Structure formats: structure tokens, C-alpha cells
>>> print(open('work-v7.cif').read())   # mmCIF, C-alpha atoms
data_query
loop_
_atom_site.label_atom_id
_atom_site.label_comp_id
_atom_site.auth_asym_id
_atom_site.auth_seq_id
_atom_site.Cartn_x
_atom_site.Cartn_y
_atom_site.Cartn_z
CA MET A 113 -8.05 22.23 1.57
CA LYS A 114 -9.86 18.91 1.19
CA PHE A 115 -7.21 16.65 -0.41
CA SER A 116 -3.42 16.47 -0.46
CA LEU A 117 -2.17 14.32 -3.34
CA ILE A 118 1.37 13.25 -2.39
CA VAL A 119 3.51 12.24 -5.38
CA PRO A 120 7.10 11.07 -4.73
CA VAL A 121 9.18 11.28 -7.91
CA TYR A 122 12.28 9.27 -8.73
CA ASN A 123 13.32 8.50 -12.31
CA THR A 124 9.83 8.29 -13.82
CA TYR A 125 10.21 10.79 -16.65
CA ASN A 126 8.42 8.55 -19.16
CA TYR A 127 5.34 8.23 -16.95
CA LEU A 128 5.16 11.48 -14.99
CA GLU A 129 3.30 13.57 -17.59
CA LYS A 130 0.38 11.13 -17.65
CA CYS A 131 0.33 10.98 -13.86
CA LEU A 132 0.24 14.75 -13.33
CA HIS A 133 -2.24 15.28 -16.15
CA SER A 134 -4.65 12.91 -14.38
CA LEU A 135 -4.29 14.85 -11.12
CA ILE A 136 -4.82 18.27 -12.66
CA ASN A 137 -7.78 17.21 -14.78
CA GLN A 138 -10.13 15.94 -12.10
CA LYS A 139 -13.78 16.38 -13.11
CA ASN A 140 -16.78 17.61 -11.08
CA ILE A 141 -14.63 18.45 -8.09
CA LYS A 142 -16.01 21.29 -5.95
CA CYS A 143 -13.44 21.51 -3.17
CA LYS A 144 -9.83 22.65 -3.27
CA TYR A 145 -6.97 20.20 -3.43
CA GLU A 146 -3.18 20.36 -3.62
CA ILE A 147 -0.74 18.26 -5.63
CA PHE A 148 2.33 17.84 -3.48
CA ILE A 149 5.31 16.70 -5.55
CA VAL A 150 8.42 15.44 -3.74
CA ASN A 151 11.50 15.19 -5.96
CA ASP A 152 13.44 12.47 -4.16
CA GLY A 153 16.77 13.20 -5.86
CA THR A 154 15.66 12.00 -9.27
CA LEU A 155 18.52 11.43 -11.75
CA ASP A 156 16.54 11.78 -14.98
CA ASN A 157 14.71 14.77 -16.50
CA SER A 158 11.57 14.46 -14.40
CA GLU A 159 12.09 17.96 -13.02
CA GLU A 160 11.35 19.44 -16.46
CA ILE A 161 7.83 18.03 -16.29
CA ILE A 162 7.39 19.03 -12.65
CA LEU A 163 8.38 22.65 -13.35
CA LYS A 164 6.08 22.75 -16.37
CA TYR A 165 3.09 21.88 -14.20
CA GLN A 166 4.18 24.06 -11.31
CA ASN A 167 4.50 27.10 -13.57
CA LYS A 168 1.17 26.43 -15.26
CA PHE A 169 -0.76 25.66 -12.06
CA PRO A 170 1.05 27.54 -9.25
CA ASP A 171 -1.99 27.60 -6.94
CA LYS A 172 -2.43 23.84 -7.09
CA VAL A 173 1.04 22.30 -7.57
CA LYS A 174 3.52 22.49 -4.70
CA TYR A 175 7.04 21.31 -5.37
CA TYR A 176 9.84 20.26 -3.01
CA LYS A 177 13.29 18.82 -3.71
CA LYS A 178 15.20 16.64 -1.27
CA LYS A 179 18.14 14.29 -1.22
CA ASN A 180 17.35 10.76 -2.23
CA GLY A 181 16.01 8.87 0.76
CA GLY A 182 13.69 6.36 -0.83
CA LEU A 183 9.95 6.10 -1.23
CA SER A 184 9.24 5.93 2.50
CA SER A 185 11.23 9.07 3.17
CA ALA A 186 9.45 10.96 0.38
CA ARG A 187 5.99 9.91 1.58
CA ASN A 188 6.78 10.86 5.18
CA PHE A 189 8.09 14.23 3.99
CA GLY A 190 4.92 14.81 1.99
CA VAL A 191 2.68 14.08 4.96
CA GLU A 192 4.59 16.55 7.14
CA LYS A 193 4.28 19.36 4.60
CA SER A 194 0.72 18.68 3.44
CA SER A 195 -2.35 20.56 4.65
CA GLY A 196 -5.31 18.64 3.23
CA GLU A 197 -8.04 17.03 5.28
CA TYR A 198 -7.41 13.76 3.42
CA LEU A 199 -4.22 12.23 2.03
CA LEU A 200 -3.73 10.23 -1.16
CA PHE A 201 -0.41 8.58 -2.01
CA ILE A 202 0.15 8.39 -5.76
CA ASP A 203 3.16 6.69 -7.34
CA SER A 204 4.49 8.89 -10.12
CA ASP A 205 4.24 6.16 -12.75
CA ASP A 206 0.53 5.59 -11.99
CA TYR A 207 -2.54 7.75 -12.65
CA LEU A 208 -6.03 8.48 -11.33
CA ASP A 209 -9.40 8.17 -12.95
CA GLU A 210 -10.78 11.63 -13.74
CA PHE A 211 -13.76 11.39 -11.37
CA LEU A 212 -12.02 9.94 -8.31
CA LEU A 213 -11.83 13.11 -6.21
CA SER A 214 -15.45 14.03 -6.86
CA LYS A 215 -16.52 10.52 -5.80
CA LEU A 216 -14.41 10.84 -2.66
CA GLU A 217 -15.89 14.23 -1.94
CA SER A 218 -19.37 12.70 -1.88
CA ILE A 219 -18.54 9.69 0.26
CA ILE A 220 -16.69 11.77 2.86
CA LYS A 221 -19.67 14.07 3.21
CA LYS A 222 -22.04 11.12 3.49
CA ASN A 223 -19.96 9.27 6.10
CA LYS A 224 -18.91 12.17 8.34
CA THR A 225 -15.13 12.20 7.84
CA PRO A 226 -14.11 8.52 8.18
CA ASP A 227 -10.55 7.62 9.18
CA LEU A 228 -9.97 5.47 6.10
CA ILE A 229 -11.56 5.01 2.68
CA ARG A 230 -10.88 1.96 0.53
CA ILE A 231 -11.12 2.45 -3.24
CA ASN A 232 -11.08 -0.06 -6.08
CA THR A 233 -8.02 -0.15 -8.33
CA ARG A 234 -6.91 -1.39 -11.72
CA ASP A 235 -3.69 -3.02 -12.94
CA VAL A 236 -2.66 -1.78 -16.39
CA LYS A 237 0.22 -2.28 -18.77
CA GLU A 238 2.50 0.60 -19.75
CA SER A 239 0.47 0.88 -22.96
CA GLY A 240 -2.69 1.47 -20.93
CA GLU A 241 -4.12 -1.96 -21.68
CA ILE A 242 -6.12 -3.23 -18.73
CA ILE A 243 -4.71 -6.32 -17.01
CA LYS A 244 -7.39 -6.65 -14.34
CA ASP A 245 -9.66 -4.66 -12.05
CA ILE A 246 -9.22 -5.20 -8.32
CA VAL A 247 -12.83 -4.77 -7.26
CA ILE A 248 -13.77 -5.44 -3.66
CA PRO A 249 -17.44 -6.44 -3.34
CA LYS A 250 -19.62 -4.18 -1.23
CA TYR A 251 -19.69 -5.31 2.40
CA ASP A 252 -21.95 -4.19 5.22
CA ASN A 253 -19.34 -4.36 7.97
CA GLU A 254 -15.65 -3.75 8.55
CA ILE A 255 -14.69 -7.36 9.27
CA ASP A 256 -16.16 -8.71 6.04
CA LEU A 257 -14.50 -5.84 4.16
CA ILE A 258 -11.07 -6.77 5.55
CA LYS A 259 -11.67 -10.43 4.69
CA GLY A 260 -12.69 -9.40 1.16
CA ILE A 261 -9.56 -7.32 0.66
CA MET A 262 -7.39 -10.15 1.98
CA LYS A 263 -9.07 -12.57 -0.42
CA GLU A 264 -7.95 -10.34 -3.31
CA ASN A 265 -4.37 -10.22 -1.95
CA ALA A 266 -4.66 -6.44 -1.97
CA LEU A 267 -4.61 -5.39 1.69
CA GLU A 268 -1.34 -3.54 2.04
CA VAL A 269 -1.04 -1.32 -1.06
CA PRO A 270 -1.01 2.29 0.25
CA TRP A 271 -2.47 3.87 -2.89
CA ALA A 272 -5.70 1.85 -2.53
CA TYR A 273 -6.68 3.91 0.52
CA VAL A 274 -7.47 7.53 1.30
CA TYR A 275 -6.41 8.66 4.77
CA ASN A 276 -7.85 11.19 7.18
CA ARG A 277 -4.81 13.37 7.81
CA LYS A 278 -5.65 14.11 11.46
CA PHE A 279 -6.00 10.39 12.13
CA PHE A 280 -2.68 9.78 10.33
CA ILE A 281 -0.82 12.51 12.21
CA ASP A 282 -2.34 11.78 15.63
CA ASN A 283 -1.12 8.18 15.41
CA ASN A 284 2.34 9.27 14.25
CA PHE A 285 2.25 6.87 11.31
CA LYS A 286 5.55 6.66 9.44
CA TYR A 287 6.72 4.50 6.56
CA ALA A 288 9.88 2.63 7.54
CA VAL A 289 12.86 4.30 5.84
CA GLY A 290 15.42 1.94 4.32
CA ARG A 291 13.05 -1.03 4.30
CA ILE A 292 11.58 -2.78 1.28
CA HIS A 293 7.86 -3.59 1.67
CA GLU A 294 7.27 -0.46 3.71
CA ASP A 295 3.60 -0.67 2.71
CA TYR A 296 3.34 -4.13 4.33
CA GLY A 297 4.97 -2.58 7.38
CA LEU A 298 2.42 0.20 7.88
CA THR A 299 -0.91 -0.46 6.17
CA PRO A 300 -2.07 -3.31 8.47
CA ILE A 301 -1.34 -1.08 11.48
CA ILE A 302 -3.32 1.79 9.97
CA ILE A 303 -6.29 -0.52 9.35
CA TYR A 304 -6.01 -1.90 12.89
CA LYS A 305 -6.11 1.56 14.47
CA ALA A 306 -8.81 3.02 12.20
CA LYS A 307 -12.12 3.50 14.02
CA SER A 308 -14.10 4.00 10.82
CA ILE A 309 -13.42 2.42 7.41
CA VAL A 310 -15.71 2.94 4.41
CA GLN A 311 -15.71 1.67 0.84
CA LEU A 312 -15.86 3.60 -2.40
CA SER A 313 -17.12 1.12 -4.98
CA TYR A 314 -15.34 2.82 -7.84
CA VAL A 315 -12.20 1.96 -9.81
CA GLY A 316 -10.29 5.17 -9.23
CA TYR A 317 -6.57 4.27 -9.29
CA ASN A 318 -4.56 2.85 -12.20
CA TYR A 319 -1.47 0.91 -11.14
CA VAL A 320 1.04 0.58 -13.99
CA GLU A 321 2.98 -2.69 -14.02
CA ARG A 322 6.23 -1.63 -15.62
CA VAL A 323 9.60 -3.21 -16.28
CA GLY A 324 12.13 -2.16 -13.64
CA SER A 325 9.67 -1.66 -10.79
CA ILE A 326 10.29 -3.35 -7.42
CA ILE A 327 7.61 -5.93 -8.16
CA SER A 328 9.69 -7.23 -11.08
CA GLU A 329 12.96 -7.47 -9.10
CA THR A 330 15.06 -10.54 -9.97
CA ASN A 331 18.40 -9.77 -8.25
CA TYR A 332 18.73 -12.50 -5.63
CA ASP A 333 20.55 -10.37 -3.04
CA LYS A 334 17.68 -7.88 -3.18
CA LEU A 335 15.15 -10.67 -2.97
CA ARG A 336 16.89 -11.88 0.18
CA LYS A 337 16.77 -8.36 1.61
CA ARG A 338 13.04 -8.30 0.98
CA VAL A 339 12.68 -11.34 3.24
CA ASP A 340 14.89 -9.83 5.94
CA ASP A 341 12.99 -6.54 5.85
CA MET A 342 9.63 -8.29 5.98
CA PHE A 343 10.72 -10.22 9.05
CA ALA A 344 11.67 -6.99 10.83
CA LEU A 345 8.34 -5.43 9.87
CA TYR A 346 6.45 -8.58 10.86
CA SER A 347 8.06 -8.49 14.30
CA ASN A 348 6.81 -4.93 14.73
CA HIS A 349 3.31 -6.01 13.69
CA MET A 350 3.25 -8.57 16.47
CA ASP A 351 4.15 -5.86 18.99
CA VAL A 352 1.54 -3.35 17.77
CA ILE A 353 -1.43 -5.43 16.55
CA LYS A 354 -3.05 -7.23 19.47
CA LYS A 355 -5.48 -10.16 19.53
CA ASP A 356 -7.99 -7.89 21.27
CA SER A 357 -10.64 -8.07 18.55
CA ILE A 358 -11.61 -10.03 15.46
CA LYS A 359 -9.97 -7.28 13.42
CA GLY A 360 -6.74 -7.68 15.36
CA LYS A 361 -6.78 -11.46 14.91
CA LEU A 362 -7.43 -11.08 11.17
CA LEU A 363 -4.59 -8.62 10.67
CA ARG A 364 -2.09 -10.62 12.74
CA SER A 365 -2.99 -13.65 10.65
CA TYR A 366 -2.57 -11.67 7.43
CA CYS A 367 0.86 -10.37 8.51
CA LEU A 368 2.00 -13.88 9.44
CA GLU A 369 0.85 -15.45 6.17
CA ALA A 370 2.29 -12.65 4.04
CA PHE A 371 5.69 -13.06 5.69
CA LEU A 372 5.68 -16.86 5.46
CA ASN A 373 4.69 -16.71 1.78
CA LYS A 374 7.65 -14.41 1.08
CA LEU A 375 10.02 -17.16 2.27
CA SER A 376 9.20 -19.06 -0.93
CA ILE A 377 11.59 -16.82 -2.92
CA LEU A 378 14.64 -18.11 -1.01
CA ASN A 379 16.87 -20.90 -2.25
CA LYS A 380 17.06 -24.12 -0.24
CA GLU A 381 20.15 -23.20 1.77
CA ASP A 382 18.92 -19.74 2.74
CA LEU A 383 15.45 -21.05 3.49
CA ASN A 384 16.83 -23.59 5.98
CA LYS A 385 18.85 -20.86 7.72
CA LYS A 386 15.93 -18.45 7.82
CA ILE A 387 13.53 -21.05 9.24
CA LYS A 388 15.94 -21.73 12.12
CA GLU A 389 16.16 -17.98 12.78
CA ILE A 390 12.45 -17.23 12.75
CA LYS A 391 11.01 -20.41 14.28
CA PRO A 392 10.92 -19.05 17.86
CA TYR A 393 8.88 -16.05 16.64
CA ILE A 394 6.28 -17.93 14.59
CA HIS A 395 3.19 -18.81 16.61
CA VAL A 396 0.66 -21.09 14.93
CA GLY A 397 -2.08 -19.59 17.10
CA ASP A 398 -1.74 -16.34 15.18
CA LEU A 399 -3.17 -17.99 12.07
CA TYR A 400 -6.87 -17.13 12.42
CA CYS A 401 -9.21 -19.79 11.03
CA TYR A 402 -12.50 -18.62 9.57
CA ASN A 403 -12.78 -20.95 6.56
CA ILE A 404 -11.56 -24.37 5.43
CA LYS A 405 -8.51 -22.97 3.63
CA LYS A 406 -7.28 -21.32 6.82
CA ILE A 407 -7.79 -24.56 8.74
CA VAL A 408 -5.68 -26.49 6.20
CA LYS A 409 -2.95 -23.83 6.38
CA LYS A 410 -2.92 -23.98 10.16
CA LEU A 411 -2.67 -27.76 10.20
CA ALA A 412 0.25 -27.61 7.74
CA LEU A 413 2.01 -24.96 9.82
CA LEU A 414 1.52 -27.06 12.95
CA ILE A 415 3.57 -29.79 11.26
CA SER A 416 6.28 -27.55 9.78
CA ILE A 417 6.97 -24.29 8.00
CA LYS A 418 8.33 -26.28 5.05
CA LEU A 419 5.06 -28.15 4.63
CA TYR A 420 3.18 -24.86 4.75
CA LEU A 421 5.41 -23.47 2.00
CA THR A 422 5.07 -26.62 -0.09
CA LEU A 423 1.30 -26.20 -0.09
CA TYR A 424 1.63 -22.45 -0.77
CA ARG A 425 3.83 -23.02 -3.83
CA LYS A 426 1.49 -25.68 -5.16
CA TYR A 427 -1.76 -23.74 -4.79
CA LYS A 428 -0.81 -20.04 -4.88
CA ASN A 429 -2.08 -19.58 -8.44
#
>>> encode(input="work-v7.cif", output="C-alpha cells")
Amino acid sequence: MKFSLIVPVYNTYNYLEKCLHSLINQKNIKCKYEIFIVNDGTLDNSEEIILKYQNKFPDKVKYYKKKNGGLSSARNFGVEKSSGEYLLFIDSDDYLDEFLLSKLESIIKKNKTPDLIRINTRDVKESGEIIKDIVIPKYDNEIDLIKGIMKENALEVPWAYVYNRKFFIDNNFKYAVGRIHEDYGLTPIIIYKAKSIVQLSYVGYNYVERVGSIISETNYDKLRKRVDDMFALYSNHMDVIKKDSIKGKLLRSYCLEAFLNKLSILNKEDLNKKIKEIKPYIHVGDLYCYNIKKIVKKLALLISIKLYLTLYRKYKN
């Protein structure tokens, strides 16, 4: 089995048919692959669609039901049960391009089973209208590739990578259950530990920006939890990712900046409290300077976190 396509499902009835259709109808694929669907206690009629595909394609579609535990729990469950040489995480409201697996098949063969493969992605509206393509230029080395992904603000999304399952299992990678931004919590660590990372210069994944997704969250209590969770995950990053290489320095810097940027969603009172809490754990030396923008950020952070955030809010667009 070459690929395990892990699809957690929770209340995505209106999108699931398109997702599963794209997985079944992969073109020019020579190897075997499995579609591993994890019903994470969905409350809508998604199971009707799942059973339809399982009955029609019993050799390819594997179906498991579990109590609701969240996206992290469903992904971890899928990894444990899967058997493919490579893992793909697919959100059940998104869909693949029809030639993605065949392209992956070729690049894996050419590169002798890399630990990690980065693919290009696309943001689309629910109607299918293209918002933008997230295309990472072709780089000749790993460090420039990481810098290029960071420049596009697209480093942590788990569905933009394809993972060697042995590498994933041997490192005991787990998404943090009960935490928002679990992708931020794990993806930088995966990249740090990967010994071989290759690019597939192909837009193979369609990310659907829909109303009601976590990215469109407006409830302030949940926004505040996002900051708290990111701080916990950031603290773990600092324990795991060492400044033992340029890659380590880059990823520590990314994790620091991503966390600091998230503080901008807090109101003034909560921001003041949070700054007092985190100040002992924020080390300016972790901001790695390799261009003029990073130097400016570091100088601002040397003065104060508030100045850093003022500049971030002003120039983030």
C-alpha cells in the first residue's frame, strides 16, 4: 500500500461528496492506496455519504467511527490504523486535484523515499472559485525551501505535506488533543526532524475557505483560547527545536513570530496581562535575522513586545 489518505469527518455533509469523489477518482495512479475515513462523532448526515462510498469501493475505503475527540484525535487515530508507506491528511471539506497521487508516485520513486514532501496548494471559495494559489518557488536546498514557505505564511498547514509513515511513527508524532492550532504545534517539529524534504511543484490540494471554519472564528473567548493554546505549543517548540543548525534557528524564529503575531487578536486588557505572563519566556535571540525585515523585527522586539505588535499590525497586509 503506497498511500493512506486520512480523512477526519465532523459535520461536513455539504462538502464530503466532493472530497471523497476527488480521492476515488485519482488519474494515472499505478500503486494501491487506501482512503481512511474517521467519523469523529459527526452530528449531521455525513455517514450516509461515507457508507455510500464504502459500499461502492470496499477494497479502497476503510471506515471507522469513534466518539468525538476533535481533529487531532481523529488524525492520530487514522495514523495508528493506517498501513500506507506515505500519509496524507485531508480535511473533509477540501479536495484533491485528480493527478496528485500519480505526481507523488513519481517524485517518491525519483527521490528514494524522502521523509517529507511539500506540495503546492490552492485556496478556493465554497463555489469552487479560485482565491489564490500558494505556489512555493523551486529551491535547490532545504534551507531556502523553508524560507520560501515561511515567506508565504504557509509553513504549518498539515495538508500541504505528505509524510513518510515510518518516519512519522518512529518519531512518535502526535497532534495535541484539546488544543487549537494543533498544526502549529506539530508541523515545525516534523520539519525540524526530517532528514530529507523534497518539493512537488504542483498545485495538488484545494483548501476550501468556508463560513463556520476555525479560521473564521469570531467568538472572543475562543480567540483567547487560541492564544493560550499557542503559548503552550510554543513552549514545547522551545524544548524540542534546538539552535543546533540553521534549520533549527529558522524554525525557532518562525514559532516565536507566529505566537507573537497571534497576540494581536487580544484586547488591550488581556494583552497587557498576557505580556506580563510570557515575558520571561520570550528570548529576542530566538528571532533569526537573515534579511532586513527580520532585523527590524528584532530591533522592535528588543525595545518591547508592544512595539513589535504595533509594527506587525501596521504592515501585516
>>> residues_around(input="work-v7.cif", residues="range 349-364 of chain A", least_positions_apart="2", cutoff="9 Å", atoms="only C-alpha atoms", output="PDB file with C-alpha atoms, in the coordinates of the input")
ATOM      1  CA  GLU A 254     -15.650  -3.750   8.550  1.00  0.00           C
ATOM      2  CA  ILE A 255     -14.690  -7.360   9.270  1.00  0.00           C
ATOM      3  CA  ILE A 258     -11.070  -6.770   5.550  1.00  0.00           C
ATOM      4  CA  LYS A 259     -11.670 -10.430   4.690  1.00  0.00           C
ATOM      5  CA  GLY A 297       4.970  -2.580   7.380  1.00  0.00           C
ATOM      6  CA  LEU A 298       2.420   0.200   7.880  1.00  0.00           C
ATOM      7  CA  PRO A 300      -2.070  -3.310   8.470  1.00  0.00           C
ATOM      8  CA  ILE A 301      -1.340  -1.080  11.480  1.00  0.00           C
ATOM      9  CA  ILE A 303      -6.290  -0.520   9.350  1.00  0.00           C
ATOM     10  CA  TYR A 304      -6.010  -1.900  12.890  1.00  0.00           C
ATOM     11  CA  LYS A 305      -6.110   1.560  14.470  1.00  0.00           C
ATOM     12  CA  ALA A 344      11.670  -6.990  10.830  1.00  0.00           C
ATOM     13  CA  LEU A 345       8.340  -5.430   9.870  1.00  0.00           C
ATOM     14  CA  TYR A 346       6.450  -8.580  10.860  1.00  0.00           C
ATOM     15  CA  SER A 347       8.060  -8.490  14.300  1.00  0.00           C
ATOM     16  CA  TYR A 366      -2.570 -11.670   7.430  1.00  0.00           C
ATOM     17  CA  CYS A 367       0.860 -10.370   8.510  1.00  0.00           C
ATOM     18  CA  LEU A 368       2.000 -13.880   9.440  1.00  0.00           C
ATOM     19  CA  GLU A 369       0.850 -15.450   6.170  1.00  0.00           C
ATOM     20  CA  ASP A 398      -1.740 -16.340  15.180  1.00  0.00           C
ATOM     21  CA  LEU A 399      -3.170 -17.990  12.070  1.00  0.00           C
ATOM     22  CA  TYR A 400      -6.870 -17.130  12.420  1.00  0.00           C
ATOM     23  CA  CYS A 401      -9.210 -19.790  11.030  1.00  0.00           C
TER      24      CYS A 401
END
>>> residues_around(input="work-v7.cif", residues="range 174-177 of chain A", least_positions_apart="5", cutoff="9 Å", atoms="all atoms listed in the file", output="VMD selection string")
chain A and resid 146 to 153 162 to 163 166 190
>>> write_last_selection(input="work-v7.cif", atoms="C-alpha atoms", output="short mmCIF file (atom, residue, chain, number, x, y, z; two decimals), in the coordinates of the input")
data_model
loop_
_atom_site.label_atom_id
_atom_site.label_comp_id
_atom_site.auth_asym_id
_atom_site.auth_seq_id
_atom_site.Cartn_x
_atom_site.Cartn_y
_atom_site.Cartn_z
CA GLU A 146 -3.18 20.36 -3.62
CA ILE A 147 -0.74 18.26 -5.63
CA PHE A 148 2.33 17.84 -3.48
CA ILE A 149 5.31 16.70 -5.55
CA VAL A 150 8.42 15.44 -3.74
CA ASN A 151 11.50 15.19 -5.96
CA ASP A 152 13.44 12.47 -4.16
CA GLY A 153 16.77 13.20 -5.86
CA ILE A 162 7.39 19.03 -12.65
CA LEU A 163 8.38 22.65 -13.35
CA GLN A 166 4.18 24.06 -11.31
CA GLY A 190 4.92 14.81 1.99
#
>>> residues_around(input="work-v7.cif", residues="Ser184 in chain A", least_positions_apart="5", cutoff="12 Å", atoms="all atoms listed in the file", output="PyMOL selection string")
chain A and resi 118-121+150+152+189-191+201+203+270+285-298
>>> write_last_selection(input="work-v7.cif", atoms="C-alpha atoms", output="JSON list (two decimals), keeping the file's coordinate frame")
[["chain", "number", "residue", "atom", "x", "y", "z"],
["A", 118, "ILE", "CA", 1.37, 13.25, -2.39],
["A", 119, "VAL", "CA", 3.51, 12.24, -5.38],
["A", 120, "PRO", "CA", 7.10, 11.07, -4.73],
["A", 121, "VAL", "CA", 9.18, 11.28, -7.91],
["A", 150, "VAL", "CA", 8.42, 15.44, -3.74],
["A", 152, "ASP", "CA", 13.44, 12.47, -4.16],
["A", 189, "PHE", "CA", 8.09, 14.23, 3.99],
["A", 190, "GLY", "CA", 4.92, 14.81, 1.99],
["A", 191, "VAL", "CA", 2.68, 14.08, 4.96],
["A", 201, "PHE", "CA", -0.41, 8.58, -2.01],
["A", 203, "ASP", "CA", 3.16, 6.69, -7.34],
["A", 270, "PRO", "CA", -1.01, 2.29, 0.25],
["A", 285, "PHE", "CA", 2.25, 6.87, 11.31],
["A", 286, "LYS", "CA", 5.55, 6.66, 9.44],
["A", 287, "TYR", "CA", 6.72, 4.50, 6.56],
["A", 288, "ALA", "CA", 9.88, 2.63, 7.54],
["A", 289, "VAL", "CA", 12.86, 4.30, 5.84],
["A", 290, "GLY", "CA", 15.42, 1.94, 4.32],
["A", 291, "ARG", "CA", 13.05, -1.03, 4.30],
["A", 292, "ILE", "CA", 11.58, -2.78, 1.28],
["A", 293, "HIS", "CA", 7.86, -3.59, 1.67],
["A", 294, "GLU", "CA", 7.27, -0.46, 3.71],
["A", 295, "ASP", "CA", 3.60, -0.67, 2.71],
["A", 296, "TYR", "CA", 3.34, -4.13, 4.33],
["A", 297, "GLY", "CA", 4.97, -2.58, 7.38],
["A", 298, "LEU", "CA", 2.42, 0.20, 7.88]]
>>> atom_distance(input="work-v7.cif", atom1="CA of Pro249 in chain A", atom2="CA of Ser313 in chain A")
7.7 Å
>>> closest_atom_pairs(input="work-v7.cif", of="range 192-256 of chain A", to="range 138-143 of chain A", cutoff="10 Å", atoms="only C-alpha atoms", output="Markdown table")
| residue | atom | partner | partner_atom | distance |
| --- | --- | --- | --- | --- |
| A:Leu208 | CA | A:Gln138 | CA | 8.5 |
| A:Asp209 | CA | A:Gln138 | CA | 7.9 |
| A:Glu210 | CA | A:Gln138 | CA | 4.7 |
| A:Phe211 | CA | A:Lys139 | CA | 5.3 |
| A:Leu212 | CA | A:Gln138 | CA | 7.3 |
| A:Leu213 | CA | A:Ile141 | CA | 6.3 |
| A:Ser214 | CA | A:Ile141 | CA | 4.7 |
| A:Lys215 | CA | A:Ile141 | CA | 8.5 |
| A:Leu216 | CA | A:Ile141 | CA | 9.4 |
| A:Glu217 | CA | A:Ile141 | CA | 7.6 |
| A:Ser218 | CA | A:Ile141 | CA | 9.7 |
>>> write_last_selection(input="work-v7.cif", atoms="C-alpha atoms", output="PDB file, keeping the file's coordinate frame")
ATOM      1  CA  LEU A 208      -6.030   8.480 -11.330  1.00  0.00           C
ATOM      2  CA  ASP A 209      -9.400   8.170 -12.950  1.00  0.00           C
ATOM      3  CA  GLU A 210     -10.780  11.630 -13.740  1.00  0.00           C
ATOM      4  CA  PHE A 211     -13.760  11.390 -11.370  1.00  0.00           C
ATOM      5  CA  LEU A 212     -12.020   9.940  -8.310  1.00  0.00           C
ATOM      6  CA  LEU A 213     -11.830  13.110  -6.210  1.00  0.00           C
ATOM      7  CA  SER A 214     -15.450  14.030  -6.860  1.00  0.00           C
ATOM      8  CA  LYS A 215     -16.520  10.520  -5.800  1.00  0.00           C
ATOM      9  CA  LEU A 216     -14.410  10.840  -2.660  1.00  0.00           C
ATOM     10  CA  GLU A 217     -15.890  14.230  -1.940  1.00  0.00           C
ATOM     11  CA  SER A 218     -19.370  12.700  -1.880  1.00  0.00           C
TER      12      SER A 218
END
>>> atom_distance(input="work-v7.cif", atom1="CA of Asp245 in chain A", atom2="CA of Tyr275 in chain A")
21.7 Å
>>> axis_aligned_box(input="work-v7.cif", around="range 181-185 of chain A", padding_each_side="4 Å", output="AutoDock Vina command-line options")
--center_x 12.6 --center_y 7.5 --center_z 1.0 --size_x 14.8 --size_y 11.1 --size_z 12.4
>>> atom_distance(input="work-v7.cif", atom1="CA of Ser185 in chain A", atom2="CA of Ile246 in chain A")
27.5 Å
>>> closest_residue(input="work-v7.cif", among="A:Ile417, A:Ile407, A:Asp382, A:Asn253", to="His395 in chain A", atoms="all atoms listed in the file")
A:Ile417
>>> residues_around(input="work-v7.cif", residues="Tyr332 in chain A", least_positions_apart="3", cutoff="12 Å", atoms="only C-alpha atoms", output="ChimeraX atom specification")
/A:328-329,335-339,377-379,382
>>> residues_around(input="work-v7.cif", residues="Asn318 in chain A", least_positions_apart="5", cutoff="9 Å", atoms="only C-alpha atoms", output="short mmCIF file (atom, residue, chain, number, x, y, z; two decimals) with C-alpha atoms, keeping the file's coordinate frame")
data_model
loop_
_atom_site.label_atom_id
_atom_site.label_comp_id
_atom_site.auth_asym_id
_atom_site.auth_seq_id
_atom_site.Cartn_x
_atom_site.Cartn_y
_atom_site.Cartn_z
CA ASP A 206 0.53 5.59 -11.99
CA TYR A 207 -2.54 7.75 -12.65
CA LEU A 208 -6.03 8.48 -11.33
CA ASP A 209 -9.40 8.17 -12.95
CA THR A 233 -8.02 -0.15 -8.33
CA ARG A 234 -6.91 -1.39 -11.72
CA ASP A 235 -3.69 -3.02 -12.94
CA VAL A 236 -2.66 -1.78 -16.39
#
>>> closest_residue(input="work-v7.cif", among="A:Glu197, A:Glu268, A:Glu321, A:Asp227", to="Gly240 in chain A", atoms="all atoms listed in the file")
A:Glu321
>>> residues_near_point(input="work-v7.cif", point="(-0.1, -12.7, -3.7)", cutoff="10 Å", atoms="all atoms listed in the file", output="list in words")
Met262, Lys263, Glu264, Asn265, Ala266, Ala370, Asn373, Lys374, Lys428 and Asn429 of chain A
>>> closest_residue(input="work-v7.cif", among="A:Gly397, A:Asn157, A:Glu192, A:Ile390", to="Asn284 in chain A", atoms="all atoms listed in the file")
A:Glu192
>>> build_atoms(input="work-v7.cif", residues="range 116-127 of chain A", atoms="N, CA and C atoms", output="mmCIF file, in the frame of the given file")
data_model
loop_
_atom_site.group_PDB
_atom_site.id
_atom_site.type_symbol
_atom_site.label_atom_id
_atom_site.label_comp_id
_atom_site.auth_asym_id
_atom_site.auth_seq_id
_atom_site.Cartn_x
_atom_site.Cartn_y
_atom_site.Cartn_z
ATOM 1 N N SER A 116 -4.831 16.318 -0.127
ATOM 2 C CA SER A 116 -3.420 16.470 -0.460
ATOM 3 C C SER A 116 -3.003 15.230 -1.233
ATOM 4 N N LEU A 117 -2.607 15.422 -2.480
ATOM 5 C CA LEU A 117 -2.170 14.320 -3.340
ATOM 6 C C LEU A 117 -0.648 14.283 -3.302
ATOM 7 N N ILE A 118 -0.076 13.304 -2.616
ATOM 8 C CA ILE A 118 1.370 13.250 -2.390
ATOM 9 C C ILE A 118 2.004 12.350 -3.446
ATOM 10 N N VAL A 119 2.928 12.943 -4.229
ATOM 11 C CA VAL A 119 3.510 12.240 -5.380
ATOM 12 C C VAL A 119 5.041 12.234 -5.258
ATOM 13 N N PRO A 120 5.641 11.175 -4.711
ATOM 14 C CA PRO A 120 7.100 11.070 -4.730
ATOM 15 C C PRO A 120 7.576 10.794 -6.164
ATOM 16 N N VAL A 121 8.675 11.435 -6.544
ATOM 17 C CA VAL A 121 9.180 11.280 -7.910
ATOM 18 C C VAL A 121 10.634 10.840 -7.871
ATOM 19 N N TYR A 122 10.902 9.723 -8.562
ATOM 20 C CA TYR A 122 12.280 9.270 -8.730
ATOM 21 C C TYR A 122 12.383 8.506 -10.043
ATOM 22 N N ASN A 123 13.021 9.129 -11.019
ATOM 23 C CA ASN A 123 13.320 8.500 -12.310
ATOM 24 C C ASN A 123 12.077 7.918 -13.008
ATOM 25 N N THR A 124 11.060 8.744 -13.133
ATOM 26 C CA THR A 124 9.830 8.290 -13.820
ATOM 27 C C THR A 124 9.447 9.264 -14.945
ATOM 28 N N TYR A 125 10.438 9.797 -15.604
ATOM 29 C CA TYR A 125 10.210 10.790 -16.650
ATOM 30 C C TYR A 125 9.196 10.313 -17.698
ATOM 31 N N ASN A 126 9.278 9.065 -18.096
ATOM 32 C CA ASN A 126 8.420 8.550 -19.160
ATOM 33 C C ASN A 126 6.962 8.385 -18.750
ATOM 34 N N TYR A 127 6.690 8.477 -17.456
ATOM 35 C CA TYR A 127 5.340 8.230 -16.950
ATOM 36 C C TYR A 127 4.728 9.452 -16.256
#
